[in-house]
Each structure stands twice: as structure tokens, then as C-alpha cells.
Amino acid sequence: MENHREEEALLARLGRGEEAAFAALVDQLQGRLYAFARTFTTSPALAEDIVQETWLAVIRGLGGFEGRSSLRTWIFGILVRRAKTVASREARRPEVPYPGANGHGENSGEEWDLGYGRRGLWERAPAPWGLEDPAAVFQTKEALEIIDQAVREMPETQRQVVLLRDVEGLESADACNILGLSETNQRVLLHRGRARVRRALDRYLQGQTDLAGPLTGSARTRGERS
Amino acid sequence: MNCIEAIDVMGDAAEDRLDPSCSAGFQEHMEECPPCATYYEQLRITRLALQNLDPAAPEAPARRAELIATFRRAFGEKKN
């Protein structure tokens with residue numbers, strides 16, 4: 001699925017009914033779809049249901065898939081529609097909260113608000129990580145767990161944007177379309193999400209909690225963050 | 001370009017989709033502002049790391065089998 005030709009070949013195999021191709025597609029995307037489904041519900045079981053319903057819808061729709069978007073974009077778009085249906089159904093049951101319903105906390109824990117702040121000043125300059133090989137960051141299990149944790153702690157819309165744009169590599173326009181976000185909003189959420197992960201990595205790599213960040217208007221009004 | 005303006009476009013720069021009209025100003029700021037240069041480098045590494053995440057789902061062999069069976073019914077593998 002990494003390029004157009006591979007995707008065409010995969011679609012041809014699926015169209016011929018090759019089970020191995022379908023099974024490989026499921027295995028490739030299952031974890032990614034599940035992580036994305038979890039942004040719509042706190043319930044692991046419900047997230048699994050959403051993913052399962054997504055795949056069933058994929059099977060139903062595959063014959064009519066015209067390739068106007070990538071297969072991955074199409075499948076993630078289906079998941080959003082399934083998730084909204086399932087979540088609205090479940091929202092009537094008070095015991096299963098739907099965290100996406102209120103979008104709370106989108107602004108919490110940020111280092112800055114874009115476009116605000118004191119010109120050209122850093123509260124404290126970030127310390128370089130001094131990595132000989134930047135790949136070391138994402139080739140160790142511990143660092144990947146730090147990143148994974150930081151992503152899971154994001155407010156849901158921020159997490160949706162980071163998953164679609166950076167983890168899945170979707171184009172900006174596709175992510176906006178799937179999530180119903182404006183380009184500007186998506187850009188801010190992505191920036192905040194990346195900043196959050198950077199901060200978690202910084203904490204891990206520096207072994208410190210007192211973190212660098214630009215001195216911004218909101219940081220000043222919030223005062224010292226612990 | 002000042003720090004705030006540079007930070008505003010760092011995400012685009014990390015994706016190699018910086019607006020050409022900003023490119024020279026951004027490069028200039030990176031050369032003259034070590035904190036922003038460090039921050040930018042860390043954002044680039046962060047993005048690379050996110051691209052390497054491979055989230056896992058709970059093992060669910062019965063659900064997987066159901067999907068493959070459904071696929072088989074829908075597309076029916078054509079034997080040669």
C-alpha cells in the first residue's frame with residue numbers, strides 16, 4: 001500500500017478473491033484501526049466492534065472502490081463513519097462514555113499557542129538531545145513506549161490528527177476531510193500533538209521534568225506549570 | 001522571521017512542504033537562533049518516531065476468522 005502501483009496490485013488480488021491478500025491487509029491495519037477507534041470510545045470492546053464493523057463495510061464496499069483516495073484513506077474514513085454510528089448508539093447508554101462528544105481538554109498541557117507570545121524569546125532554550133543517530137529514538141522499545149503513551153494521553157481530536165497524519169501518513173486534505181476539520185484547525189492540533197510527544201521524549205532523554213519551551217502569552221498567564 | 005513565526009511553520013518545514021515564500025526566512029532564522037534550530041531538529045525526530053509507531057490490537061482470532069469467511073463469501077476465490 002506504500003505506492004500507487006502496489007495498491008493497484010493489491011486491489012487486483014482482492015478483486016480476484018485472494019484470501020491471503022485480504023488477511024495480510026487485515027493484519028497490516030488491524031492495530032492501526034484499533035488505535036484510531038480508541039479515540040472514539042474509552043471501551044476496548046466497543047473499539048474492537050468498531051474495527052470489525054469497519055472491515056465488514058470494507059468487504060461490502062470493495063467492489064465499488066474507485067481509488068479516488070488511497071485504500072488506507074478510504075478505510076480510515078469508513079472507520080470514522082462506523083465509529084460515529086456506534087458511539088451515538090452507545091451514548092444513549094450512560095455507562096459507556098463517548099469521550100469525543102465534548103472535546104474537552106484540547107488545549108491542556110501545551111507549550112504555546114500558535115501565533116501568540118513574546119517575540120523571539122525562549123523561556124529556556126531546549127537542550128540538544130545529542131543523539132549520534134536520531135533513529136535510536138524510535139528503534140528502542142522503551143522510547144517507542146514513551147511515544148505511544150504520549151499519543152494515548154492526547155485529547156481525542158488531537159490524537160486523531162496525529163494518528164492520521166504522522167502515524168498513517170495521510171495527506172493533510174484527506175485527514176481534514178475524514179475528520180471534518182478545517183486545514184487551520186488540523187494544523188494547530190497536529191502541531192500541539194507533536195509538541196506533546198517531543199516533550200515526552202525530551203523528558204525521557206534528558207531525565208528531567210523541568211522542560212524547555214518558548215515563553216508564550218498563555219504560558220505566562222498560566223504561570224509556572226508543575 | 002522571529003521565533004514565533006518560525007515555530008508556526010516548523011511542522012510544514014518538517015514535512016518538506018514549507019511555503020516557498022517562507023523558505024529563505026526560515027532557513028535564516030534556523031541559522032541565527034540555536035534554540036529554534038534545536039527545537040526544529042527535535043520536532044523532526046519526533047515526527048520520524050511517530051511514523052515508526054506500529055500500534056497493536058488485542059489478539060482476536062475469532063474476529064479475524066469471521067472477516068476472512070465473510071470475504072470468502074463475498075468474493076469467492078476463483079481457483080485456476
# chains A, B, ... in the order shown; residues from 1 in each chain; ligands from 1
$ interface_residues --of "chain B" --to "chain A" --cutoff "8 Å" --atoms "only C-alpha atoms" --output "ChimeraX atom specification"
/B:2-5,7-8,11,35,38-39,42-43,45-58,63-64,67-68,70-72,74-78
$ select_by_dssp --residues "segment 154-202 of chain A" --states "alpha helix (DSSP H)" --output "count of residues only"
35
$ atom_distance --atom1 "atom CA of His29 of chain B" --atom2 "atom CA of Gly207 of chain A"
28.7 Å
$ atom_distance --atom1 "atom CA of Thr157 of chain A" --atom2 "atom CA of Gly193 of chain A"
9.7 Å
$ decode --residues "segment 14-27 of chain B" --atoms "N, CA and C atoms" --output "short mmCIF file (atom, residue, chain, number, x, y, z; two decimals), in the first residue's frame"
data_model
loop_
_atom_site.label_atom_id
_atom_site.label_comp_id
_atom_site.auth_asym_id
_atom_site.auth_seq_id
_atom_site.Cartn_x
_atom_site.Cartn_y
_atom_site.Cartn_z
N ALA B 14 9.11 20.48 8.58
CA ALA B 14 9.47 19.09 8.89
C ALA B 14 8.88 18.13 7.86
N GLU B 15 7.79 18.55 7.22
CA GLU B 15 7.15 17.71 6.20
C GLU B 15 7.63 18.08 4.79
N ASP B 16 8.61 18.96 4.71
CA ASP B 16 9.10 19.43 3.41
C ASP B 16 7.99 20.08 2.59
N ARG B 17 7.07 20.76 3.26
CA ARG B 17 6.04 21.46 2.49
C ARG B 17 5.92 22.91 2.94
N LEU B 18 7.08 23.46 3.23
CA LEU B 18 7.14 24.87 3.60
C LEU B 18 6.78 25.72 2.39
N ASP B 19 5.97 26.74 2.63
CA ASP B 19 5.63 27.67 1.56
C ASP B 19 6.93 28.30 1.03
N PRO B 20 7.15 28.24 -0.28
CA PRO B 20 8.42 28.77 -0.82
C PRO B 20 8.71 30.21 -0.39
N SER B 21 7.66 31.00 -0.17
CA SER B 21 7.88 32.39 0.22
C SER B 21 8.46 32.49 1.64
N CYS B 22 8.34 31.43 2.43
CA CYS B 22 8.87 31.44 3.81
C CYS B 22 10.24 30.80 3.90
N SER B 23 10.62 30.08 2.86
CA SER B 23 11.76 29.17 2.96
C SER B 23 13.06 29.88 3.36
N ALA B 24 13.36 30.97 2.66
CA ALA B 24 14.61 31.68 2.93
C ALA B 24 14.62 32.24 4.35
N GLY B 25 13.50 32.85 4.75
CA GLY B 25 13.40 33.42 6.09
C GLY B 25 13.53 32.38 7.17
N PHE B 26 12.94 31.22 6.92
CA PHE B 26 13.01 30.13 7.89
C PHE B 26 14.45 29.64 8.04
N GLN B 27 15.10 29.40 6.89
CA GLN B 27 16.49 28.94 6.93
C GLN B 27 17.37 29.93 7.67
#
